[in-house]
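Participant: Below you'll find input-v1.tsv; it's TSV, C-alpha atoms.
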chain	number	residue	atom	x	y	z
A	1	MET	CA	10.69	57.23	111.19
A	2	SER	CA	7.87	58.21	108.81
A	3	GLU	CA	8.45	57.93	105.10
A	4	ASP	CA	8.95	61.18	103.21
A	5	THR	CA	6.12	61.24	100.68
A	6	SER	CA	6.66	64.79	99.44
A	7	ASP	CA	6.70	65.24	95.70
A	8	PRO	CA	10.09	66.51	94.43
A	9	ALA	CA	8.20	68.62	91.92
A	10	ASP	CA	6.56	70.47	94.83
A	11	GLN	CA	9.99	71.16	96.33
A	12	VAL	CA	11.17	72.67	93.06
A	13	SER	CA	7.97	74.66	92.84
A	14	VAL	CA	8.54	76.20	96.28
A	15	GLU	CA	12.15	77.05	95.42
A	16	GLU	CA	11.08	78.66	92.16
A	17	GLN	CA	8.30	80.55	93.92
A	18	ARG	CA	10.75	82.01	96.43
A	19	LYS	CA	13.18	82.97	93.69
A	20	ARG	CA	10.46	84.80	91.83
A	21	ARG	CA	9.32	86.51	95.01
A	22	TYR	CA	12.86	87.79	95.57
A	23	GLU	CA	12.86	89.22	92.05
A	24	ARG	CA	9.49	90.83	92.69
A	25	ARG	CA	10.77	92.29	95.96
A	26	LEU	CA	13.75	93.80	94.17
A	27	SER	CA	11.50	95.20	91.45
A	28	ALA	CA	9.10	96.58	94.05
A	29	TYR	CA	11.98	98.26	95.85
A	30	ARG	CA	13.14	100.02	92.71
A	31	SER	CA	9.67	101.12	91.62
A	32	ALA	CA	8.23	102.06	95.04
A	33	ASP	CA	7.24	105.65	95.71
A	34	ARG	CA	8.66	105.34	99.21
A	35	VAL	CA	10.64	102.74	101.13
A	36	LEU	CA	11.40	102.50	104.83
A	37	ALA	CA	15.01	101.45	104.26
A	38	GLY	CA	16.91	102.64	101.21
A	39	LEU	CA	19.98	100.42	100.91
A	40	GLY	CA	22.75	100.43	98.35
A	41	LEU	CA	22.72	96.67	97.97
A	42	ARG	CA	19.49	96.95	95.97
A	43	GLU	CA	20.42	99.91	93.80
A	44	THR	CA	21.58	99.99	90.21
A	45	LEU	CA	25.18	100.66	89.21
A	46	ARG	CA	24.20	104.16	88.13
A	47	GLN	CA	22.64	104.88	91.53
A	48	ARG	CA	25.67	103.54	93.37
A	49	LEU	CA	28.09	105.65	91.36
A	50	ALA	CA	26.19	108.74	92.51
A	51	LEU	CA	27.85	108.18	95.88
A	52	LEU	CA	31.06	109.56	94.37
A	53	GLU	CA	29.53	112.82	93.14
A	54	GLN	CA	30.87	114.56	96.24
A	55	ALA	CA	34.38	113.13	95.74
A	56	PRO	CA	35.95	116.52	94.87
A	57	GLU	CA	34.89	117.80	98.30
A	58	LEU	CA	36.44	114.82	100.08
A	59	TYR	CA	39.89	114.55	98.53
A	60	ASP	CA	42.10	116.34	96.05
A	61	LEU	CA	41.39	114.44	92.84
A	62	ASP	CA	44.54	115.84	91.24
A	63	GLU	CA	46.65	113.82	93.66
A	64	THR	CA	48.35	110.71	92.31
A	65	VAL	CA	46.21	107.59	92.45
A	66	ASP	CA	46.84	105.07	95.22
A	67	LEU	CA	49.08	102.07	94.62
A	68	TYR	CA	49.09	99.08	96.98
A	69	GLY	CA	47.75	100.96	99.98
A	70	ASN	CA	49.40	104.37	99.87
A	71	GLY	CA	48.00	107.85	99.16
A	72	ILE	CA	44.27	108.15	99.75
A	73	VAL	CA	44.24	104.79	101.55
A	74	GLU	CA	46.66	106.10	104.15
A	75	VAL	CA	44.54	109.24	104.55
A	76	LEU	CA	41.52	107.08	105.38
A	77	GLU	CA	43.58	104.97	107.81
A	78	GLU	CA	44.74	108.08	109.69
A	79	LYS	CA	41.19	109.43	109.83
A	80	VAL	CA	39.83	106.19	111.28
A	81	ALA	CA	42.59	105.96	113.89
A	82	GLY	CA	41.77	109.51	114.94
A	83	LEU	CA	38.05	108.81	115.22
A	84	LEU	CA	38.59	105.64	117.26
A	85	GLY	CA	41.39	107.06	119.37
A	86	THR	CA	43.90	104.33	118.43
A	87	GLU	CA	47.55	104.62	117.49
A	88	ALA	CA	47.01	103.35	113.96
A	89	ALA	CA	44.59	101.68	111.56
A	90	ALA	CA	44.90	99.52	108.44
A	91	PHE	CA	42.44	99.39	105.56
A	92	PHE	CA	41.27	95.91	104.48
A	93	PRO	CA	39.09	94.89	101.54
A	94	THR	CA	36.86	92.80	103.84
A	95	GLY	CA	36.08	92.48	107.52
A	96	THR	CA	36.49	88.72	107.31
A	97	MET	CA	40.14	89.21	106.39
A	98	ALA	CA	40.70	92.02	108.89
A	99	GLN	CA	39.50	89.99	111.85
A	100	GLN	CA	41.35	86.83	110.91
A	101	VAL	CA	44.54	88.84	110.64
A	102	ALA	CA	43.94	90.64	113.92
A	103	LEU	CA	43.31	87.46	115.87
A	104	ARG	CA	46.19	85.65	114.18
A	105	CYS	CA	48.51	88.47	115.26
A	106	TRP	CA	47.17	88.36	118.80
A	107	ALA	CA	47.63	84.58	118.92
A	108	GLY	CA	51.30	85.07	118.12
A	109	ARG	CA	51.65	87.58	120.93
A	110	THR	CA	49.73	85.63	123.57
A	111	GLY	CA	50.99	82.21	122.52
A	112	ASN	CA	47.43	80.90	122.56
A	113	PRO	CA	45.44	80.41	119.30
A	114	THR	CA	42.14	79.86	121.14
A	115	VAL	CA	39.56	82.59	120.50
A	116	ALA	CA	36.55	82.84	122.81
A	117	LEU	CA	33.44	84.21	121.12
A	118	HIS	CA	29.66	83.95	120.98
A	119	ALA	CA	28.20	81.05	118.98
A	120	LEU	CA	26.13	83.63	117.05
A	121	ALA	CA	29.13	85.78	116.17
A	122	HIS	CA	29.70	86.51	112.50
A	123	PRO	CA	32.78	84.24	112.04
A	124	GLU	CA	30.87	81.28	113.43
A	125	VAL	CA	27.69	81.80	111.40
A	126	TYR	CA	28.79	83.27	108.08
A	127	GLU	CA	32.46	82.55	107.41
A	128	GLN	CA	32.55	78.78	106.86
A	129	GLN	CA	34.96	77.92	109.68
A	130	ALA	CA	37.54	80.38	108.34
A	131	PHE	CA	39.27	80.78	111.71
A	132	SER	CA	40.14	77.11	112.01
A	133	ARG	CA	40.45	76.24	108.30
A	134	LEU	CA	42.57	79.17	107.23
A	135	SER	CA	44.18	80.92	110.18
A	136	GLY	CA	45.08	78.15	112.62
A	137	LEU	CA	42.79	79.60	115.27
A	138	ARG	CA	40.56	77.53	117.54
A	139	PRO	CA	37.19	79.10	118.32
A	140	VAL	CA	35.40	78.20	121.57
A	141	HIS	CA	31.92	79.43	122.46
A	142	VAL	CA	31.35	81.43	125.60
A	143	THR	CA	27.59	80.99	125.12
A	144	SER	CA	25.08	80.02	122.44
A	145	GLU	CA	22.11	81.80	124.04
A	146	PRO	CA	20.54	84.69	122.08
A	147	ARG	CA	21.87	87.36	124.43
A	148	CYS	CA	25.05	89.29	124.96
A	149	THR	CA	28.09	87.62	126.49
A	150	SER	CA	28.30	88.13	130.25
A	151	ALA	CA	31.29	88.42	132.56
A	152	GLN	CA	30.23	85.16	134.18
A	153	ASP	CA	30.31	83.43	130.79
A	154	VAL	CA	33.91	84.49	130.42
A	155	ARG	CA	34.90	83.47	133.94
A	156	ASP	CA	33.20	80.08	133.58
A	157	LEU	CA	34.92	79.11	130.32
A	158	PRO	CA	36.73	75.89	131.33
A	159	GLU	CA	39.91	76.41	129.29
A	160	PRO	CA	42.46	79.14	128.65
A	161	PHE	CA	42.03	81.43	125.66
A	162	GLY	CA	44.27	84.06	124.14
A	163	ALA	CA	41.61	86.47	122.90
A	164	LEU	CA	37.98	87.30	123.58
A	165	MET	CA	36.06	88.54	120.55
A	166	LEU	CA	32.90	90.57	121.16
A	167	GLU	CA	30.51	91.49	118.35
A	168	LEU	CA	29.01	94.92	119.05
A	169	PRO	CA	26.12	94.88	118.35
A	170	LEU	CA	25.39	91.15	118.19
A	171	ARG	CA	23.40	91.05	114.96
A	172	ASP	CA	21.92	87.56	114.97
A	173	ALA	CA	20.53	88.00	118.47
A	174	GLY	CA	18.67	91.15	117.42
A	175	PHE	CA	21.44	93.78	117.10
A	176	LEU	CA	21.89	93.60	120.87
A	177	LEU	CA	24.29	95.64	123.00
A	178	PRO	CA	25.12	95.19	126.67
A	179	SER	CA	25.03	98.13	129.04
A	180	TRP	CA	28.31	100.00	129.44
A	181	GLU	CA	28.72	98.53	132.91
A	182	GLU	CA	28.15	95.01	131.59
A	183	LEU	CA	30.61	95.54	128.73
A	184	THR	CA	33.25	96.86	131.11
A	185	GLU	CA	32.79	93.83	133.37
A	186	VAL	CA	33.15	91.43	130.42
A	187	VAL	CA	36.39	93.09	129.36
A	188	GLU	CA	37.71	92.98	132.93
A	189	ALA	CA	36.81	89.29	133.18
A	190	ALA	CA	38.81	88.55	130.02
A	191	ARG	CA	41.83	90.42	131.34
A	192	GLU	CA	41.57	88.55	134.63
A	193	ARG	CA	42.29	85.51	132.47
A	194	ASP	CA	45.25	87.16	130.73
A	195	ALA	CA	43.40	87.46	127.43
A	196	VAL	CA	43.24	90.35	125.00
A	197	VAL	CA	39.91	91.77	123.83
A	198	HIS	CA	39.00	92.36	120.21
A	199	PHE	CA	35.78	94.14	119.18
A	200	ASP	CA	33.98	92.98	116.07
A	201	GLY	CA	32.71	96.51	115.60
A	202	ALA	CA	31.37	96.29	112.07
A	203	ARG	CA	28.52	98.49	113.34
A	204	LEU	CA	30.40	100.09	116.24
A	205	TRP	CA	29.71	103.49	114.71
A	206	GLU	CA	26.04	103.05	115.70
A	207	THR	CA	26.58	102.38	119.41
A	208	THR	CA	27.21	105.87	120.79
A	209	VAL	CA	23.54	106.60	121.60
A	210	HIS	CA	23.07	103.35	123.53
A	211	PHE	CA	26.30	103.70	125.49
A	212	GLY	CA	26.04	107.48	125.84
A	213	LEU	CA	29.76	107.76	125.12
A	214	PRO	CA	31.99	108.95	122.25
A	215	LEU	CA	33.49	106.47	119.81
A	216	GLU	CA	37.03	106.77	121.12
A	217	GLU	CA	35.95	105.85	124.65
A	218	ILE	CA	34.01	102.81	123.43
A	219	ALA	CA	36.84	101.61	121.17
A	220	GLY	CA	39.38	102.35	123.90
A	221	LEU	CA	37.97	99.54	126.03
A	222	ALA	CA	39.36	96.94	123.60
A	223	ASP	CA	42.88	96.04	122.52
A	224	SER	CA	41.85	96.13	118.85
A	225	VAL	CA	38.75	97.01	116.87
A	226	TYR	CA	37.41	96.20	113.42
A	227	VAL	CA	34.95	98.58	111.74
A	228	SER	CA	33.08	98.33	108.44
A	229	PHE	CA	32.56	101.03	105.83
A	230	TYR	CA	29.46	99.63	104.17
A	231	LYS	CA	27.25	98.29	106.95
A	232	SER	CA	26.74	101.69	108.55
A	233	PHE	CA	27.78	104.03	105.75
A	234	ASN	CA	26.36	102.36	102.63
A	235	GLY	CA	29.84	102.38	101.10
A	236	PHE	CA	31.12	100.13	98.33
A	237	GLY	CA	32.86	97.84	100.83
A	238	GLY	CA	36.02	97.81	102.88
A	239	ALA	CA	36.96	97.66	106.53
A	240	ALA	CA	39.60	98.87	108.95
A	241	LEU	CA	41.51	97.26	111.78
A	242	ALA	CA	42.51	99.73	114.49
A	243	GLY	CA	44.79	99.29	117.48
A	244	PRO	CA	48.40	99.63	118.62
A	245	SER	CA	50.83	100.66	115.88
A	246	THR	CA	52.93	97.50	116.30
A	247	LEU	CA	49.87	95.30	115.81
A	248	VAL	CA	48.72	97.30	112.80
A	249	GLU	CA	52.13	97.12	111.14
A	250	GLU	CA	52.19	93.35	111.54
A	251	ALA	CA	48.61	93.19	110.29
A	252	LYS	CA	49.63	94.98	107.09
A	253	THR	CA	52.20	92.24	106.45
A	254	TRP	CA	49.52	89.58	106.88
A	255	ARG	CA	47.14	91.65	104.76
A	256	HIS	CA	49.60	91.26	101.91
A	257	ARG	CA	49.95	87.51	102.53
A	258	TYR	CA	46.18	87.06	102.56
A	259	GLY	CA	45.81	88.81	99.21
A	260	GLY	CA	44.48	92.07	100.60
A	261	GLN	CA	47.21	94.33	99.20
A	262	VAL	CA	44.97	95.49	96.35
A	263	PHE	CA	46.51	97.40	93.43
A	264	GLN	CA	44.10	100.37	93.57
A	265	GLN	CA	41.25	100.98	95.98
A	266	PHE	CA	40.34	104.62	95.55
A	267	PRO	CA	36.63	104.11	94.60
A	268	THR	CA	35.98	102.09	97.76
A	269	VAL	CA	38.06	104.46	99.88
A	270	LEU	CA	36.25	107.51	98.49
A	271	SER	CA	32.92	105.88	99.36
A	272	ALA	CA	34.24	105.29	102.90
A	273	LEU	CA	35.33	108.93	103.20
A	274	ALA	CA	31.88	109.95	101.96
A	275	GLY	CA	30.32	107.85	104.71
A	276	LEU	CA	32.52	109.30	107.42
A	277	GLU	CA	31.72	112.80	106.22
A	278	GLY	CA	28.02	112.48	105.45
A	279	GLU	CA	26.60	109.49	107.34
A	280	LEU	CA	28.57	109.28	110.58
A	281	PRO	CA	27.15	112.54	111.99
A	282	ARG	CA	23.60	111.34	111.18
A	283	LEU	CA	23.79	107.92	112.86
A	284	PRO	CA	22.51	109.11	116.27
A	285	GLU	CA	19.47	110.59	114.51
A	286	TYR	CA	18.80	107.23	112.83
A	287	VAL	CA	19.03	105.41	116.18
A	288	ARG	CA	16.57	107.78	117.81
A	289	HIS	CA	14.14	107.48	114.91
A	290	ALA	CA	14.41	103.69	114.99
A	291	ARG	CA	12.80	103.85	118.41
A	292	VAL	CA	9.90	105.83	116.92
A	293	VAL	CA	9.51	103.29	114.11
A	294	ALA	CA	9.69	100.33	116.52
A	295	ALA	CA	6.98	101.77	118.77
A	296	ALA	CA	4.79	102.54	115.74
A	297	LEU	CA	5.14	98.97	114.44
A	298	ARG	CA	4.18	97.55	117.79
A	299	GLU	CA	1.14	99.84	118.09
A	300	GLY	CA	0.19	99.34	114.44
A	301	PHE	CA	0.05	95.56	114.65
A	302	ALA	CA	-1.93	95.71	117.89
A	303	ALA	CA	-4.45	98.10	116.33
A	304	ALA	CA	-4.70	95.96	113.20
A	305	GLY	CA	-5.75	92.97	115.27
A	306	VAL	CA	-2.67	90.77	114.98
A	307	PRO	CA	-2.85	88.78	118.23
A	308	TRP	CA	0.89	88.63	118.78
A	309	ALA	CA	3.73	90.64	117.26
A	310	ARG	CA	7.11	91.37	118.75
A	311	VAL	CA	9.65	94.09	118.10
A	312	TYR	CA	13.00	92.93	119.42
A	313	PRO	CA	14.60	94.50	121.30
A	314	GLU	CA	11.53	96.46	122.37
A	315	VAL	CA	13.61	99.64	122.39
A	316	PRO	CA	16.22	99.20	119.63
A	317	HIS	CA	19.84	99.42	120.73
A	318	THR	CA	20.96	100.65	117.29
A	319	TYR	CA	18.93	101.60	114.22
A	320	ASP	CA	18.40	97.97	113.21
A	321	PHE	CA	16.11	95.53	115.00
A	322	GLN	CA	13.97	92.43	114.47
A	323	LEU	CA	10.23	92.07	113.95
A	324	TRP	CA	8.58	88.71	114.75
A	325	LEU	CA	5.13	87.74	113.49
A	326	PRO	CA	3.01	84.57	114.06
A	327	TYR	CA	2.81	83.48	110.42
A	328	ASP	CA	4.56	81.13	108.06
A	329	VAL	CA	7.55	82.73	106.32
A	330	ASP	CA	6.05	82.41	102.83
A	331	VAL	CA	2.80	84.02	103.98
A	332	VAL	CA	4.40	87.19	105.35
A	333	ALA	CA	6.92	87.40	102.52
A	334	GLU	CA	4.14	87.32	99.94
A	335	ALA	CA	2.09	89.91	101.85
A	336	ALA	CA	5.10	92.24	102.05
A	337	VAL	CA	5.74	92.07	98.31
A	338	ARG	CA	2.06	92.41	97.38
A	339	THR	CA	1.69	95.46	99.61
A	340	ALA	CA	4.61	97.16	97.87
A	341	GLU	CA	3.36	96.24	94.41
A	342	GLU	CA	-0.20	97.40	95.06
A	343	THR	CA	0.41	100.52	97.18
A	344	GLY	CA	3.83	101.75	96.04
A	345	THR	CA	5.00	101.72	99.67
A	346	LEU	CA	7.64	99.22	100.76
A	347	LEU	CA	7.54	98.74	104.52
A	348	PHE	CA	9.43	95.46	104.77
A	349	GLY	CA	12.18	95.22	102.18
A	350	ASN	CA	14.28	92.49	103.77
A	351	ALA	CA	13.90	88.71	103.63
A	352	TRP	CA	11.79	86.82	106.16
A	353	ASP	CA	13.24	83.83	108.01
A	354	PRO	CA	11.74	81.24	110.37
A	355	LYS	CA	11.95	81.55	114.14
A	356	GLY	CA	9.89	78.40	114.68
A	357	PRO	CA	6.69	76.75	113.39
A	358	ASP	CA	4.41	79.50	112.04
A	359	LEU	CA	6.75	82.15	113.39
A	360	ALA	CA	8.70	84.43	111.07
A	361	PHE	CA	11.04	87.35	111.56
A	362	THR	CA	12.63	90.05	109.48
A	363	GLU	CA	15.26	92.70	110.12
A	364	VAL	CA	14.02	96.27	110.04
A	365	TYR	CA	16.55	98.93	109.02
A	366	VAL	CA	16.13	102.63	109.74
A	367	ARG	CA	18.31	104.95	107.66
A	368	ALA	CA	17.94	108.33	105.97
A	369	ALA	CA	14.88	107.29	103.95
A	370	ALA	CA	13.04	106.32	107.15
A	371	LEU	CA	13.37	109.84	108.58
A	372	GLU	CA	10.61	110.87	106.18
A	373	TRP	CA	8.22	108.40	107.83
A	374	THR	CA	6.17	109.59	110.78
A	375	ALA	CA	4.76	107.17	113.33
A	376	ASP	CA	1.36	107.51	111.61
A	377	ASP	CA	2.95	106.67	108.24
A	378	VAL	CA	4.32	103.45	109.73
A	379	LYS	CA	0.96	102.52	111.25
A	380	THR	CA	-0.83	103.14	107.95
A	381	ALA	CA	1.66	100.91	106.13
A	382	VAL	CA	1.16	98.22	108.79
A	383	THR	CA	-2.60	98.34	108.22
A	384	GLU	CA	-2.10	97.83	104.48
A	385	PHE	CA	0.28	94.94	105.13
A	386	VAL	CA	-2.03	93.19	107.60
A	387	SER	CA	-4.96	93.50	105.18
A	388	ARG	CA	-3.06	91.16	102.86
A	389	LEU	CA	-2.49	88.51	105.52
A	390	PRO	CA	-4.88	85.59	106.07
A	391	ARG	CA	-7.49	86.12	108.76
A	392	GLN	CA	-6.69	82.98	110.69
A	393	VAL	CA	-3.39	83.14	112.58
A	394	SER	CA	-1.62	80.12	114.01
A	395	GLN	CA	-0.86	80.67	117.67
For the structure just supplied, provide its representation as structure tokens.

Facilitator:
Amino acid sequence: MSEDTSDPADQVSVEEQRKRRYERRLSAYRSADRVLAGLGLRETLRQRLALLEQAPELYDLDETVDLYGNGIVEVLEEKVAGLLGTEAAAFFPTGTMAQQVALRCWAGRTGNPTVALHALAHPEVYEQQAFSRLSGLRPVHVTSEPRCTSAQDVRDLPEPFGALMLELPLRDAGFLLPSWEELTEVVEAARERDAVVHFDGARLWETTVHFGLPLEEIAGLADSVYVSFYKSFNGFGGAALAGPSTLVEEAKTWRHRYGGQVFQQFPTVLSALAGLEGELPRLPEYVRHARVVAAALREGFAAAGVPWARVYPEVPHTYDFQLWLPYDVDVVAEAAVRTAEETGTLLFGNAWDPKGPDLAFTEVYVRAAALEWTADDVKTAVTEFVSRLPRQVSQ
């Protein structure tokens, strides 16, 4: 093994440089004349509060405020159940809590605490072993490959499991969705093994264009579904668990035990109602425009002389997708920030992460702000970005 001769001071320097770049990216976002993706997570408190300006049109503000999940919270729960075609729904402060509760309840019903899921699923990547550490569940991986779970994966799993959890879309693999036929086969394979099916549908709202089906038909394929109110709708937070009324009633008991019976939640609930009213009808338009943006990125990088660039998936399944470029992460991150600072146009507002040596990727989000960008606008922004990259590219 070779001796590590790196200077600790250099390590600190790199960390500090990245911290400063993040601050510059945030500043560039706020000062830019135009951005491809306008997201609430980068806005000021004043900007976020503007989301509630339409509150009087969404709910009678002279009604008594909610207490521990009644009133306006129940209105939102009924609305979600109606949209997803389920018997009932329960509001949760976080999706992490909602899904743990759902799968804990299913484990009690099936008698099996084993949960089959993708190795790239959100609980496995971002929740610090919460299933096993907190809820007594035992996750097993149906696959670790960067693709959607297949029916054969489910049939080949060498041990019994009580529930199959499917993340739709699978974010860390590129916001991927299976075909409707493939999804149906996966669900059938799980039921062949006497397991229930739970959809991690944080972004399920965005899947109707890809599947060509209404929400209630998509959600109806599963035994229970979780949906988010901020990932698709730019809300303040919150989630819902939808399914059979008996499951939902038990889930509300566990919600209380997990600390999710919050005293008052009306600001978050109002932001969710605003999303259902204003954003949900626009999601198909965002998905279709994402395909325009993706094609323009691909053509723009080819015209700018970048020898290899990949939009993944080539035709986005939702309105989020990945862009891969053959550069070091710090190189592309710096070019993205400099382009925004010097041109007032922010094309890539998200972080860049490594995919391998001299290979970086970022997530591209297409929302309302992106509808103002034509394909030519995207290509022009790509040209500006590439002009700030080094000439020599590692291949």

Participant: Quick one: contact table of segment 164-190 of chain A to segment 98-104 of chain A, 12 Å max, nearest atom pair and distance in Å to one decimal per residue, counting only C-alpha atoms, chain and number order, as JSON lines?

Facilitator:
{"residue": "A:Leu164", "atom": "CA", "partner": "A:Leu103", "partner_atom": "CA", "distance": 9.4}
{"residue": "A:Met165", "atom": "CA", "partner": "A:Leu103", "partner_atom": "CA", "distance": 8.7}
{"residue": "A:Leu166", "atom": "CA", "partner": "A:Gln99", "partner_atom": "CA", "distance": 11.4}
{"residue": "A:Glu167", "atom": "CA", "partner": "A:Gln99", "partner_atom": "CA", "distance": 11.2}

Participant: With a distance cut-off of 9 Å and all atoms listed in the file, select the neighbouring residues of Glu334 of chain A, excluding the residue or stretch itself and same-chain residues fewer than 6 positions from it, and output the selection as number ranges by chain.

Facilitator: A: 21, 388-389

Participant: When you count only C-alpha atoms, which of these residues is closest to Lys231 of chain A: A:Pro160, A:Pro354, A:Pro313, A:Gly275?

Facilitator: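 That would be A:Gly275, the residue with the smallest distance to Lys231 of chain A.
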
Participant: Return the single residue from A:Asn112, A:Trp106, A:Arg24, A:Thr318 that is closest to Ala335 of chain A, with distances computed using all atoms listed in the file.

Facilitator: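 Between A:Asn112, A:Trp106, A:Arg24, A:Thr318, the residue approaching Ala335 of chain A most closely is A:Arg24.
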
Participant: Write out as JSON an axis-aligned box for segment 298-317 of chain A: all of its atoms listed in the file, 8 Å added on each side, centre and edge lengths in Å with one decimal.

Facilitator:
{"center_x": 7.0, "center_y": 94.2, "center_z": 117.8, "size_x": 41.6, "size_y": 27.2, "size_z": 25.2}

Participant: Hey, can you check how far atom CA of Phe301 of chain A sits from atom CA of Ala173 of chain A?

Facilitator: 22.2 Å

Participant: Would you mind listing what lies within 10 Å of Pro326 of chain A as a list in words, with only C-alpha atoms counted and same-chain residues fewer than 6 positions away left out?

Facilitator: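 Answer for this query is Val306, Pro307, Trp308, Ala309, Arg310, Val332, Lys355, Gly356, Pro357, Asp358, Leu359, Ala360, Phe361, Val393, Ser394 and Gln395 of chain A.
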
Participant: Take the residues that were just selected and, keeping C-alpha atoms, output them as a PDB file, in the coordinates of the input.

Facilitator:
ATOM      1  CA  VAL A 306      -2.670  90.770 114.980  1.00  0.00           C
ATOM      2  CA  PRO A 307      -2.850  88.780 118.230  1.00  0.00           C
ATOM      3  CA  TRP A 308       0.890  88.630 118.780  1.00  0.00           C
ATOM      4  CA  ALA A 309       3.730  90.640 117.260  1.00  0.00           C
ATOM      5  CA  ARG A 310       7.110  91.370 118.750  1.00  0.00           C
ATOM      6  CA  VAL A 332       4.400  87.190 105.350  1.00  0.00           C
ATOM      7  CA  LYS A 355      11.950  81.550 114.140  1.00  0.00           C
ATOM      8  CA  GLY A 356       9.890  78.400 114.680  1.00  0.00           C
ATOM      9  CA  PRO A 357       6.690  76.750 113.390  1.00  0.00           C
ATOM     10  CA  ASP A 358       4.410  79.500 112.040  1.00  0.00           C
ATOM     11  CA  LEU A 359       6.750  82.150 113.390  1.00  0.00           C
ATOM     12  CA  ALA A 360       8.700  84.430 111.070  1.00  0.00           C
ATOM     13  CA  PHE A 361      11.040  87.350 111.560  1.00  0.00           C
ATOM     14  CA  VAL A 393      -3.390  83.140 112.580  1.00  0.00           C
ATOM     15  CA  SER A 394      -1.620  80.120 114.010  1.00  0.00           C
ATOM     16  CA  GLN A 395      -0.860  80.670 117.670  1.00  0.00           C
TER      17      GLN A 395
END

Participant: List the residues sitting within 12 Å of (23.0, 104.6, 114.5) in the file's frame, using all atoms listed in the file, as a ChimeraX atom specification.

Facilitator: /A:169,175,203-211,215,231-233,279-291,316-321,365-368

Participant: Please compute the atom CA of Trp352 of chain A-atom CA of Gly238 of chain A distance, one decimal, in Å.

Facilitator: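 Atom CA of Gly238 of chain A lies at a distance of 26.8 Å from atom CA of Trp352 of chain A.
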
Participant: Rank A:Thr374, A:Gln261, A:Gln322, A:Thr339 by their smallest atom-to-atom distance to Asp66 of chain A, using all atoms listed in the file, and report the top residue only.

Facilitator: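 When distances to Asp66 of chain A are compared using all atoms listed in the file, the smallest one comes from A:Gln261.
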
Participant: Excluding same-chain residues fewer than 6 positions from segment 149-158 of chain A, what lies within 8 Å of it counting only C-alpha atoms, as a list of chain:residue names?

Facilitator: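 Listed by chain and then number, they are A:His118, A:Val142, A:Thr143, A:Leu166, A:Glu182, A:Leu183, A:Glu185, A:Val186, A:Val187, A:Glu188, A:Ala189, A:Ala190, A:Arg193.
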
Participant: Excluding Leu346 of chain A and residues on its chain fewer than 6 positions from it, collect all residues at most 10 Å away from it, counting all atoms listed in the file, and give them as an mmCIF file with C-alpha atoms, in the coordinates of the input.

Facilitator:
data_model
loop_
_atom_site.group_PDB
_atom_site.id
_atom_site.type_symbol
_atom_site.label_atom_id
_atom_site.label_comp_id
_atom_site.auth_asym_id
_atom_site.auth_seq_id
_atom_site.Cartn_x
_atom_site.Cartn_y
_atom_site.Cartn_z
ATOM 1 C CA ARG A 25 10.770 92.290 95.960
ATOM 2 C CA ALA A 28 9.100 96.580 94.050
ATOM 3 C CA TYR A 29 11.980 98.260 95.850
ATOM 4 C CA ARG A 30 13.140 100.020 92.710
ATOM 5 C CA SER A 31 9.670 101.120 91.620
ATOM 6 C CA ALA A 32 8.230 102.060 95.040
ATOM 7 C CA ASP A 33 7.240 105.650 95.710
ATOM 8 C CA ARG A 34 8.660 105.340 99.210
ATOM 9 C CA VAL A 35 10.640 102.740 101.130
ATOM 10 C CA LEU A 36 11.400 102.500 104.830
ATOM 11 C CA ALA A 37 15.010 101.450 104.260
ATOM 12 C CA GLY A 38 16.910 102.640 101.210
ATOM 13 C CA ALA A 336 5.100 92.240 102.050
ATOM 14 C CA VAL A 337 5.740 92.070 98.310
ATOM 15 C CA ARG A 338 2.060 92.410 97.380
ATOM 16 C CA THR A 339 1.690 95.460 99.610
ATOM 17 C CA ALA A 340 4.610 97.160 97.870
ATOM 18 C CA ALA A 381 1.660 100.910 106.130
ATOM 19 C CA PHE A 385 0.280 94.940 105.130
#

Participant: Any idea what's packed within 9 Å of Gln264 of chain A, counting all atoms listed in the file, ignoring anything in its chain fewer than 2 positions away? Could you give it as a list in words?

Facilitator: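 Returned residues: Val65, Asp66, Leu67, Tyr68, Gly69, Gln261, Val262, Phe266 and Pro267 of chain A.
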
Participant: Can you write just those residues out, C-alpha atoms, as a PDB file, keeping the file's coordinate frame?

Facilitator:
ATOM      1  CA  VAL A  65      46.210 107.590  92.450  1.00  0.00           C
ATOM      2  CA  ASP A  66      46.840 105.070  95.220  1.00  0.00           C
ATOM      3  CA  LEU A  67      49.080 102.070  94.620  1.00  0.00           C
ATOM      4  CA  TYR A  68      49.090  99.080  96.980  1.00  0.00           C
ATOM      5  CA  GLY A  69      47.750 100.960  99.980  1.00  0.00           C
ATOM      6  CA  GLN A 261      47.210  94.330  99.200  1.00  0.00           C
ATOM      7  CA  VAL A 262      44.970  95.490  96.350  1.00  0.00           C
ATOM      8  CA  PHE A 266      40.340 104.620  95.550  1.00  0.00           C
ATOM      9  CA  PRO A 267      36.630 104.110  94.600  1.00  0.00           C
TER      10      PRO A 267
END

Participant: Pick from A:Gly174, A:Pro93, A:Gly82, A:Pro390: nearest to Gly237 of chain A, with all atoms listed in the file counted?

Facilitator: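 Comparing A:Gly174, A:Pro93, A:Gly82, A:Pro390 against Gly237 of chain A, the winner is A:Pro93.
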
Participant: Report, in Å with one decimal, the straight-line distance from atom CA of Ala195 of chain A to atom CA of Gly260 of chain A.

Facilitator: 27.2 Å

Participant: Would you please work out which residue, of A:Ser271, A:Glu363, A:Gly349, A:Ala369, is nearest to Gln54 of chain A when using only C-alpha atoms?

Facilitator: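 The answer is A:Ser271, which sits nearest to Gln54 of chain A.
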